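This report concerns only the one structure given below.
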Amino acid sequence: MSDFADLGDWYAQPLGRRYLRRCWEAIRPLIAPVAGRSVLDIGCGAGHYSELLKAEGAEVTGIDPDAKLLAEAKRRVPKGHFQVAGAEDLPFADGRFEAVLCSNALEFVGDQARALAEMRRVTSGRAVLCVLNRQSLWGLQQQLFRPFSNHPYYRGQFFSSERLQQLATASGWRVTTLTEAVRFAPVPVEPLLGWLDGWGPGACWVTRLE
């Protein structure tokens, strides 16, 4: 279990919906084209990105350590393939997938370098990562609330751009694109979200690896 049982509920709220939309706007051009191609969604959770990949025509496989979240993913993407697994030990043959997506999962993996090496092993093509920026307002909020919450979100290791590039390179990847995404504060109020959207440092780093 990953203890992210509230993930589906979070994405159903205004903050989560806008966050997902802005992340996908950054991810989509980097992972395209996916139509007819095998794509592994690592840390797929309740299947929100798997659903978006499937809508683009991808042959989607998703893994996550949380069986309950995977049950939600299966309901969301009936034609996807989902199984319980961790990012550090992917149960697939070398070069099995043409692309890999790992969005907001690497932050919560114990051995991040090993997970990146596993991504390199199972794909014959590219990977797109979306990780939370420790130097953003989201990173500041996480650090401030960490002592007062047992939620796994507050135990995650957010990234600087330098650390992300170093880990990726050490794991055999070449960083071809690195951009910021989600330029608004983590404020769960719809009118404020619209007003703040486009302001401030990006909550996430989105990178394409080859």
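Going by the structure tokens order, chains are called A, B, ..., each with residues numbered from 1, while ligands are numbered from 1 in the order shown.
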Compile the contact shell of stretch 166-177 of chain A as a PDB file with N, CA and C atoms, in the first residue's frame: residues with an atom at most 8 Å away, counting only C-alpha atoms, same-chain residues fewer than 4 positions apart removed.
```pdb
ATOM      1  N   GLN A 112      15.612   6.330  -5.748  1.00  0.00           N
ATOM      2  CA  GLN A 112      15.230   7.008  -6.982  1.00  0.00           C
ATOM      3  C   GLN A 112      16.175   6.678  -8.127  1.00  0.00           C
ATOM      4  N   ALA A 113      17.454   6.522  -7.826  1.00  0.00           N
ATOM      5  CA  ALA A 113      18.416   6.174  -8.869  1.00  0.00           C
ATOM      6  C   ALA A 113      18.111   4.803  -9.450  1.00  0.00           C
ATOM      7  N   ARG A 114      17.754   3.868  -8.601  1.00  0.00           N
ATOM      8  CA  ARG A 114      17.418   2.523  -9.088  1.00  0.00           C
ATOM      9  C   ARG A 114      16.153   2.565  -9.942  1.00  0.00           C
ATOM     10  N   LEU A 116      15.093   5.043 -11.779  1.00  0.00           N
ATOM     11  CA  LEU A 116      15.447   5.617 -13.070  1.00  0.00           C
ATOM     12  C   LEU A 116      16.196   4.606 -13.941  1.00  0.00           C
ATOM     13  N   ALA A 117      17.050   3.807 -13.311  1.00  0.00           N
ATOM     14  CA  ALA A 117      17.762   2.775 -14.061  1.00  0.00           C
ATOM     15  C   ALA A 117      16.799   1.713 -14.577  1.00  0.00           C
ATOM     16  N   ARG A 120      15.074   3.011 -17.602  1.00  0.00           N
ATOM     17  CA  ARG A 120      15.985   2.924 -18.749  1.00  0.00           C
ATOM     18  C   ARG A 120      16.008   1.502 -19.308  1.00  0.00           C
ATOM     19  N   GLU A 162      18.878  20.587 -10.740  1.00  0.00           N
ATOM     20  CA  GLU A 162      20.228  20.031 -10.774  1.00  0.00           C
ATOM     21  C   GLU A 162      20.234  18.574 -10.304  1.00  0.00           C
ATOM     22  N   VAL A 206       9.300  19.157 -15.610  1.00  0.00           N
ATOM     23  CA  VAL A 206       8.899  18.147 -16.596  1.00  0.00           C
ATOM     24  C   VAL A 206      10.072  17.958 -17.545  1.00  0.00           C
ATOM     25  N   THR A 207      10.533  16.723 -17.677  1.00  0.00           N
ATOM     26  CA  THR A 207      11.719  16.449 -18.476  1.00  0.00           C
ATOM     27  C   THR A 207      11.510  15.268 -19.397  1.00  0.00           C
ATOM     28  N   ARG A 208      12.123  15.354 -20.551  1.00  0.00           N
ATOM     29  CA  ARG A 208      12.145  14.229 -21.491  1.00  0.00           C
ATOM     30  C   ARG A 208      13.544  13.645 -21.478  1.00  0.00           C
ATOM     31  N   LEU A 209      13.607  12.319 -21.328  1.00  0.00           N
ATOM     32  CA  LEU A 209      14.864  11.588 -21.273  1.00  0.00           C
ATOM     33  C   LEU A 209      14.947  10.622 -22.439  1.00  0.00           C
ATOM     34  N   GLU A 210      16.136  10.470 -22.991  1.00  0.00           N
ATOM     35  CA  GLU A 210      16.337   9.533 -24.086  1.00  0.00           C
ATOM     36  C   GLU A 210      17.623   8.755 -23.856  1.00  0.00           C
TER      37      GLU A 210
END
```
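The list of residues with at least one atom within 8 Å of A:Tyr154, based on only C-alpha atoms and without residues fewer than 5 positions apart in the same chain, reads Gln142, Gln143, Phe145, Arg146 and Ser149 of chain A.
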Keeping only N, CA, C and O atoms, write the selected residues to a file as an mmCIF file, in the first residue's frame.
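Dumped to out_20.cif:
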```cif
data_model
loop_
_atom_site.group_PDB
_atom_site.id
_atom_site.type_symbol
_atom_site.label_atom_id
_atom_site.label_comp_id
_atom_site.auth_asym_id
_atom_site.auth_seq_id
_atom_site.Cartn_x
_atom_site.Cartn_y
_atom_site.Cartn_z
ATOM 1 N N GLN A 142 5.127 22.024 1.436
ATOM 2 C CA GLN A 142 5.425 20.674 1.905
ATOM 3 C C GLN A 142 6.362 20.707 3.107
ATOM 4 O O GLN A 142 6.164 19.990 4.088
ATOM 5 N N GLN A 143 7.387 21.544 3.041
ATOM 6 C CA GLN A 143 8.351 21.624 4.136
ATOM 7 C C GLN A 143 7.729 22.205 5.400
ATOM 8 O O GLN A 143 8.023 21.752 6.513
ATOM 9 N N PHE A 145 4.512 22.056 6.362
ATOM 10 C CA PHE A 145 3.503 21.196 6.962
ATOM 11 C C PHE A 145 4.014 19.804 7.304
ATOM 12 O O PHE A 145 3.311 19.034 7.951
ATOM 13 N N ARG A 146 5.235 19.465 6.867
ATOM 14 C CA ARG A 146 5.776 18.126 7.097
ATOM 15 C C ARG A 146 5.737 17.710 8.572
ATOM 16 O O ARG A 146 5.353 16.568 8.874
ATOM 17 N N SER A 149 1.933 16.445 9.704
ATOM 18 C CA SER A 149 1.096 15.519 8.936
ATOM 19 C C SER A 149 1.806 14.187 8.732
ATOM 20 O O SER A 149 3.029 14.140 8.531
#
```
Write out as JSON lines a residue-level contact list of stretch 113-172 of chain A versus stretch 27-41 of chain A with cut-off 12 Å: for each qualifying residue the closest pair of atoms and the distance in Å to one decimal, counting only C-alpha atoms, rows sorted by chain and residue number upward.
```
{"residue": "A:Glu118", "atom": "CA", "partner": "A:Leu40", "partner_atom": "CA", "distance": 11.8}
{"residue": "A:Met119", "atom": "CA", "partner": "A:Leu40", "partner_atom": "CA", "distance": 9.1}
{"residue": "A:Arg120", "atom": "CA", "partner": "A:Leu40", "partner_atom": "CA", "distance": 11.8}
{"residue": "A:Val122", "atom": "CA", "partner": "A:Leu40", "partner_atom": "CA", "distance": 9.0}
{"residue": "A:Thr123", "atom": "CA", "partner": "A:Leu40", "partner_atom": "CA", "distance": 8.5}
{"residue": "A:Ser124", "atom": "CA", "partner": "A:Ser38", "partner_atom": "CA", "distance": 10.2}
{"residue": "A:Gly125", "atom": "CA", "partner": "A:Val39", "partner_atom": "CA", "distance": 10.0}
{"residue": "A:Arg126", "atom": "CA", "partner": "A:Ile31", "partner_atom": "CA", "distance": 7.6}
{"residue": "A:Ala127", "atom": "CA", "partner": "A:Ile31", "partner_atom": "CA", "distance": 7.3}
{"residue": "A:Val128", "atom": "CA", "partner": "A:Ile31", "partner_atom": "CA", "distance": 6.2}
{"residue": "A:Leu129", "atom": "CA", "partner": "A:Ile27", "partner_atom": "CA", "distance": 8.1}
{"residue": "A:Cys130", "atom": "CA", "partner": "A:Ile27", "partner_atom": "CA", "distance": 7.6}
{"residue": "A:Val131", "atom": "CA", "partner": "A:Ile27", "partner_atom": "CA", "distance": 11.3}
```
What parts of stretch 20-194 of chain A does DSSP call strand (DSSP E)? I'd like the answer as a PyMOL selection string.
chain A and resi 38-42+59-64+81-84+97-103+123-132+175-181
Do you have the atom CA of A:Thr61-atom CA of A:Gln165 distance handy?
25.9 Å
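By chain and then residue number, the residues within 9 Å of A:Phe159 are Glu107, Val131, Leu132, Asn133, Arg134, Gln135, Gly139, Cys204 and Trp205 of chain A, counting only C-alpha atoms and disregarding those fewer than 6 positions away in sequence.
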Selected residues written out, all heavy atoms, as a short mmCIF file (atom, residue, chain, number, x, y, z; two decimals), in the first residue's frame:
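Contents of result13.cif, freshly written:
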```cif
data_model
loop_
_atom_site.label_atom_id
_atom_site.label_comp_id
_atom_site.auth_asym_id
_atom_site.auth_seq_id
_atom_site.Cartn_x
_atom_site.Cartn_y
_atom_site.Cartn_z
N GLU A 107 9.11 11.07 -6.62
CA GLU A 107 9.34 11.77 -5.36
C GLU A 107 9.11 10.88 -4.15
O GLU A 107 9.62 11.14 -3.06
CB GLU A 107 8.40 12.99 -5.23
CG GLU A 107 8.52 14.01 -6.34
CD GLU A 107 7.49 13.74 -7.44
OE1 GLU A 107 7.38 12.59 -7.88
OE2 GLU A 107 6.79 14.69 -7.84
N VAL A 131 8.12 15.82 -11.86
CA VAL A 131 8.44 15.74 -10.44
C VAL A 131 8.24 17.10 -9.79
O VAL A 131 8.42 18.14 -10.43
CB VAL A 131 9.88 15.25 -10.20
CG1 VAL A 131 10.06 13.82 -10.71
CG2 VAL A 131 10.91 16.17 -10.83
N LEU A 132 7.90 17.10 -8.54
CA LEU A 132 7.63 18.34 -7.83
C LEU A 132 8.93 19.09 -7.53
O LEU A 132 9.95 18.50 -7.18
CB LEU A 132 6.85 18.06 -6.56
CG LEU A 132 5.38 17.72 -6.83
CD1 LEU A 132 4.80 16.86 -5.72
CD2 LEU A 132 4.56 19.00 -7.00
N ASN A 133 8.85 20.40 -7.67
CA ASN A 133 9.98 21.31 -7.53
C ASN A 133 10.10 21.75 -6.07
O ASN A 133 9.23 22.44 -5.55
CB ASN A 133 9.76 22.52 -8.45
CG ASN A 133 10.82 23.58 -8.32
OD1 ASN A 133 11.83 23.40 -7.66
ND2 ASN A 133 10.58 24.72 -8.96
N ARG A 134 11.19 21.38 -5.44
CA ARG A 134 11.36 21.70 -4.02
C ARG A 134 11.54 23.20 -3.78
O ARG A 134 11.37 23.68 -2.66
CB ARG A 134 12.55 20.94 -3.42
CG ARG A 134 13.91 21.34 -3.95
CD ARG A 134 15.02 20.44 -3.39
NE ARG A 134 15.03 20.39 -1.95
CZ ARG A 134 15.68 21.26 -1.18
NH1 ARG A 134 16.38 22.23 -1.73
NH2 ARG A 134 15.65 21.14 0.12
N GLN A 135 11.87 23.97 -4.83
CA GLN A 135 12.09 25.41 -4.69
C GLN A 135 10.85 26.23 -5.07
O GLN A 135 10.92 27.44 -5.17
CB GLN A 135 13.29 25.82 -5.54
CG GLN A 135 14.59 25.17 -5.06
CD GLN A 135 15.69 25.20 -6.10
OE1 GLN A 135 15.43 25.13 -7.29
NE2 GLN A 135 16.93 25.26 -5.64
N GLY A 139 6.76 23.27 -2.86
CA GLY A 139 7.85 22.73 -2.05
C GLY A 139 7.91 23.38 -0.68
O GLY A 139 8.13 22.71 0.34
N CYS A 204 6.31 22.04 -10.78
CA CYS A 204 6.92 20.80 -11.27
C CYS A 204 8.03 21.06 -12.27
O CYS A 204 8.02 22.07 -12.98
CB CYS A 204 5.87 19.94 -11.98
SG CYS A 204 4.51 19.43 -10.95
N TRP A 205 8.95 20.11 -12.31
CA TRP A 205 9.88 19.98 -13.43
C TRP A 205 9.36 18.88 -14.34
O TRP A 205 9.02 17.79 -13.86
CB TRP A 205 11.28 19.60 -12.93
CG TRP A 205 11.92 20.60 -12.03
CD1 TRP A 205 12.16 20.47 -10.70
CD2 TRP A 205 12.40 21.89 -12.40
NE1 TRP A 205 12.76 21.58 -10.21
CE2 TRP A 205 12.91 22.48 -11.23
CE3 TRP A 205 12.44 22.60 -13.60
CZ2 TRP A 205 13.48 23.76 -11.23
CZ3 TRP A 205 12.99 23.88 -13.59
CH2 TRP A 205 13.50 24.45 -12.43
#
```
Surrounding residues of stretch 64-70 of chain A excluding itself and chain neighbours under 4 positions, 9 Å, only C-alpha atoms, as a list in words:
Met1, Ser2, Asp3, Phe4, Ala5, Leu7, Gly8, Asp41, Ile42, Gly43, Cys44, Gly45, Ala46, Gly47, Lys74, Arg75, Phe82, Gln83, Val84, Ala85, Gly86 and Ala87 of chain A
